[in-house]
$ cat input.cif   # mmCIF, C-alpha atoms
data_input
#
loop_
_atom_site.group_PDB
_atom_site.id
_atom_site.type_symbol
_atom_site.label_atom_id
_atom_site.label_comp_id
_atom_site.auth_asym_id
_atom_site.auth_seq_id
_atom_site.Cartn_x
_atom_site.Cartn_y
_atom_site.Cartn_z
ATOM 1 C CA MET G 30 144.552 107.543 74.358
ATOM 2 C CA LEU G 31 143.658 109.186 77.638
ATOM 3 C CA ARG G 32 141.795 107.029 80.142
ATOM 4 C CA CYS G 33 140.139 108.640 83.082
ATOM 5 C CA ALA G 34 139.309 106.453 86.016
ATOM 6 C CA MET G 35 136.331 107.838 87.879
ATOM 7 C CA PRO G 36 135.688 106.411 91.309
ATOM 8 C CA THR G 37 132.301 104.723 91.297
ATOM 9 C CA HIS G 38 131.727 105.179 95.011
ATOM 10 C CA LEU G 39 130.981 108.855 94.391
ATOM 11 C CA LEU G 40 128.007 107.917 92.226
ATOM 12 C CA ASP G 41 126.628 105.235 94.502
ATOM 13 C CA ARG G 42 124.031 106.204 97.146
ATOM 14 C CA ARG G 43 124.097 102.765 98.788
ATOM 15 C CA HIS G 44 125.472 102.591 102.255
ATOM 16 C CA HIS G 45 128.558 100.467 102.684
ATOM 17 C CA LYS G 46 127.158 98.968 105.830
ATOM 18 C CA PRO G 47 123.897 97.040 106.023
ATOM 19 C CA ARG G 48 120.754 99.027 106.775
ATOM 20 C CA PRO G 49 118.897 98.475 110.020
ATOM 21 C CA GLN G 50 115.823 96.342 109.536
ATOM 22 C CA VAL G 51 112.492 95.625 111.148
ATOM 23 C CA THR G 52 111.936 91.874 111.395
ATOM 24 C CA ILE G 53 108.303 90.791 111.282
ATOM 25 C CA SER G 54 108.893 87.046 111.378
ATOM 26 C CA GLU G 55 111.549 84.584 110.322
ATOM 27 C CA GLY G 56 112.508 85.401 106.749
ATOM 28 C CA ILE G 57 110.527 88.670 106.574
ATOM 29 C CA ALA G 58 112.503 91.832 107.271
ATOM 30 C CA LEU G 59 112.053 95.334 105.877
ATOM 31 C CA ASP G 60 114.815 97.923 105.589
ATOM 32 C CA ARG G 61 114.442 101.123 107.556
ATOM 33 C CA ALA G 62 114.886 104.478 105.768
ATOM 34 C CA ARG G 63 112.734 103.177 102.920
ATOM 35 C CA ALA G 64 109.128 103.231 101.766
ATOM 36 C CA HIS G 65 107.728 99.763 101.104
ATOM 37 C CA GLU G 66 104.502 98.743 99.403
ATOM 38 C CA ALA G 67 101.926 96.128 100.389
ATOM 39 C CA CYS G 68 98.871 95.265 98.353
ATOM 40 C CA GLY G 69 96.170 92.635 98.346
ATOM 41 C CA PRO G 70 93.470 91.600 100.775
ATOM 42 C CA ALA G 71 95.896 91.040 103.689
ATOM 43 C CA ARG G 72 97.604 94.448 103.453
ATOM 44 C CA TYR G 73 95.990 95.754 106.644
ATOM 45 C CA SER G 74 97.013 92.654 108.590
ATOM 46 C CA PHE G 75 100.553 93.020 107.247
ATOM 47 C CA ALA G 76 100.637 96.670 108.324
ATOM 48 C CA LEU G 77 99.469 95.712 111.820
ATOM 49 C CA TRP G 78 102.106 92.954 112.063
ATOM 50 C CA LEU G 79 104.692 95.528 111.067
ATOM 51 C CA ALA G 80 103.369 97.942 113.688
ATOM 52 C CA ALA G 81 103.667 95.200 116.297
ATOM 53 C CA ALA G 82 107.317 94.669 115.307
ATOM 54 C CA CYS G 83 108.110 98.392 115.673
ATOM 55 C CA GLU G 84 108.293 100.272 118.924
ATOM 56 C CA GLY G 85 106.712 103.658 119.478
ATOM 57 C CA PRO G 86 103.837 105.512 117.845
ATOM 58 C CA VAL G 87 102.449 104.709 114.398
ATOM 59 C CA LEU G 88 101.093 107.372 112.036
ATOM 60 C CA TRP G 89 98.263 105.978 109.857
ATOM 61 C CA ILE G 90 97.219 108.289 107.001
ATOM 62 C CA ALA G 91 93.983 107.524 105.150
ATOM 63 C CA PRO G 92 91.684 109.430 102.786
ATOM 64 C CA ALA G 93 88.943 111.414 104.520
ATOM 65 C CA TRP G 94 86.354 110.206 101.996
ATOM 66 C CA GLU G 95 86.810 106.550 103.018
ATOM 67 C CA ALA G 96 84.129 105.720 105.561
ATOM 68 C CA ALA G 97 85.686 102.432 106.690
ATOM 69 C CA GLY G 98 88.500 102.637 109.197
ATOM 70 C CA LEU G 99 90.383 100.276 111.451
ATOM 71 C CA ASN G 100 88.404 98.777 114.306
ATOM 72 C CA PRO G 101 90.321 99.030 117.600
ATOM 73 C CA ASP G 102 88.814 95.733 118.790
ATOM 74 C CA GLY G 103 90.223 93.971 115.721
ATOM 75 C CA MET G 104 93.594 95.672 116.154
ATOM 76 C CA MET G 105 93.999 94.308 119.709
ATOM 77 C CA ASP G 106 95.060 90.887 118.370
ATOM 78 C CA PHE G 107 98.052 92.531 116.648
ATOM 79 C CA CYS G 108 99.119 95.539 118.704
ATOM 80 C CA ASP G 109 97.888 98.231 121.069
ATOM 81 C CA PRO G 110 95.512 100.654 119.276
ATOM 82 C CA ALA G 111 96.606 103.450 121.648
ATOM 83 C CA ARG G 112 99.923 103.644 119.749
ATOM 84 C CA PHE G 113 98.156 104.813 116.560
ATOM 85 C CA LEU G 114 97.609 108.370 115.432
ATOM 86 C CA PHE G 115 95.062 108.500 112.599
ATOM 87 C CA VAL G 116 95.113 111.269 110.007
ATOM 88 C CA ALA G 117 92.252 111.829 107.544
ATOM 89 C CA ALA G 118 93.622 113.613 104.479
ATOM 90 C CA PRO G 119 91.093 115.615 102.414
ATOM 91 C CA ARG G 120 92.882 115.056 99.060
ATOM 92 C CA GLY G 121 94.949 112.249 97.556
ATOM 93 C CA GLU G 122 97.978 114.530 97.203
ATOM 94 C CA ASP G 123 97.776 115.353 100.904
ATOM 95 C CA ILE G 124 98.289 111.700 101.834
ATOM 96 C CA LEU G 125 101.676 111.549 100.113
ATOM 97 C CA TRP G 126 102.660 115.020 101.363
ATOM 98 C CA CYS G 127 101.808 114.104 104.954
ATOM 99 C CA MET G 128 103.733 110.838 104.665
ATOM 100 C CA GLU G 129 106.767 112.612 103.220
ATOM 101 C CA GLU G 130 106.814 115.202 106.004
ATOM 102 C CA ALA G 131 106.382 112.556 108.710
ATOM 103 C CA LEU G 132 109.235 110.466 107.301
ATOM 104 C CA ARG G 133 111.481 113.519 106.932
ATOM 105 C CA SER G 134 110.895 114.567 110.548
ATOM 106 C CA GLY G 135 111.715 111.106 111.924
ATOM 107 C CA ALA G 136 109.168 111.677 114.720
ATOM 108 C CA VAL G 137 107.544 108.250 114.369
ATOM 109 C CA PRO G 138 109.216 104.927 113.519
ATOM 110 C CA LEU G 139 106.405 103.777 111.197
ATOM 111 C CA VAL G 140 104.219 105.752 108.773
ATOM 112 C CA VAL G 141 101.417 103.926 106.943
ATOM 113 C CA ALA G 142 99.598 105.525 103.993
ATOM 114 C CA ASP G 143 96.377 103.956 102.756
ATOM 115 C CA LEU G 144 96.201 105.048 99.106
ATOM 116 C CA SER G 145 93.274 104.642 96.738
ATOM 117 C CA GLU G 146 95.575 104.150 93.734
ATOM 118 C CA PRO G 147 99.266 103.336 93.186
ATOM 119 C CA PRO G 148 101.541 106.398 93.284
ATOM 120 C CA ALA G 149 103.845 107.480 90.488
ATOM 121 C CA MET G 150 107.569 106.778 90.715
ATOM 122 C CA THR G 151 108.570 110.377 91.497
ATOM 123 C CA PRO G 152 106.580 110.606 94.754
ATOM 124 C CA VAL G 153 107.912 107.208 95.825
ATOM 125 C CA ARG G 154 111.482 108.409 95.250
ATOM 126 C CA ARG G 155 110.711 111.497 97.321
ATOM 127 C CA LEU G 156 109.480 109.216 100.117
ATOM 128 C CA HIS G 157 112.755 107.235 100.033
ATOM 129 C CA LEU G 158 114.790 110.441 100.283
ATOM 130 C CA ALA G 159 112.580 111.753 103.096
ATOM 131 C CA ALA G 160 112.994 108.503 105.053
ATOM 132 C CA GLU G 161 116.780 108.710 104.653
ATOM 133 C CA ALA G 162 116.752 112.311 105.869
ATOM 134 C CA GLY G 163 114.534 111.363 108.821
ATOM 135 C CA GLY G 164 117.012 108.706 109.847
ATOM 136 C CA ALA G 165 119.864 111.186 109.747
ATOM 137 C CA ALA G 166 117.926 113.653 111.906
ATOM 138 C CA ALA G 167 116.371 111.257 114.428
ATOM 139 C CA GLY G 168 119.005 108.555 114.732
ATOM 140 C CA LEU G 169 116.697 105.591 114.150
ATOM 141 C CA ALA G 170 115.473 105.711 110.566
ATOM 142 C CA PRO G 171 111.698 105.617 110.028
ATOM 143 C CA LEU G 172 109.963 103.137 107.798
ATOM 144 C CA GLY G 173 107.125 103.940 105.381
ATOM 145 C CA LEU G 174 104.453 101.539 104.175
ATOM 146 C CA LEU G 175 102.203 102.285 101.203
ATOM 147 C CA LEU G 176 98.958 100.322 101.093
#

$ encode --input "input.cif" --output "structure tokens"
Amino acid sequence: MLRCAMPTHLLDRRHHKPRPQVTISEGIALDRARAHEACGPARYSFALWLAAACEGPVLWIAPAWEAAGLNPDGMMDFCDPARFLFVAAPRGEDILWCMEEALRSGAVPLVVADLSEPPAMTPVRRLHLAAEAGGAAAGLAPLGLLL
């Protein structure tokens, strides 16, 4: 009987060292080079807390057909509204495409996408891979947040 021992480390995409994290408060930390999801009535507050924990600009992508947006006066309690770049995407597919490209470039440390419905698993996997590639290109891996 022939036994072939295949090294499992070749099949494993996990890093052997811990990922850098963004710590929001004690006990709440999110891994960089990943896309995370937040839902519920406090999702905008959570996104603003996360933006306050990150340094640098924040890209906020929202559908163009949504009339309601973030109020800069309400954002002041969390972080500086001048750090935000708002993008109004004309189609739902454009939101995910824009987020993927922003994560892949690594130009901003935090990308927030305000979706009208939960995405499928394939686009989420693409976002994870884009965030990993953005970290390799920029040095400090970006973090994505799906609302």

$ resolve_selection --input "input.cif" --expression "the PyMOL selection byres ((chain G and resi 142-155) around 10)" --output "count of residues only"
37

$ resolve_selection --input "input.cif" --expression "the PyMOL selection byres ((chain G and resi 139) around 6)" --output "PyMOL selection string"
chain G and resi 87+137-138+140+171-173

$ residues_around --input "input.cif" --residues "Leu59 of chain G" --least-positions-apart "4" --cutoff "7 Å" --atoms "only C-alpha atoms" --output "number ranges by chain"
G: 50-52

$ residues_near_point --input "input.cif" --point "(96.2, 98.0, 117.5)" --cutoff "12 Å" --atoms "all atoms listed in the file" --output "PyMOL selection string"
chain G and resi 73-74+76-82+86-89+99-115

$ atom_distance --input "input.cif" --atom1 "atom CA of Ile53 of chain G" --atom2 "atom CA of Glu84 of chain G"
12.2 Å

$ atom_distance --input "input.cif" --atom1 "atom CA of Ser134 of chain G" --atom2 "atom CA of Cys83 of chain G"
17.2 Å

$ axis_aligned_box --input "input.cif" --around "segment 137-156 of chain G" --padding-each-side "4 Å" --output "AutoDock Vina command-line options"
--center_x 102.4 --center_y 107.4 --center_z 102.4 --size_x 26.2 --size_y 16.2 --size_z 31.9

$ atom_distance --input "input.cif" --atom1 "atom CA of Ala162 of chain G" --atom2 "atom CA of Pro119 of chain G"
26.1 Å

$ resolve_selection --input "input.cif" --expression "the PyMOL selection byres ((chain G and resi 169) around 9)" --output "PyMOL selection string"
chain G and resi 49+61-62+135+138+163-168+170-171
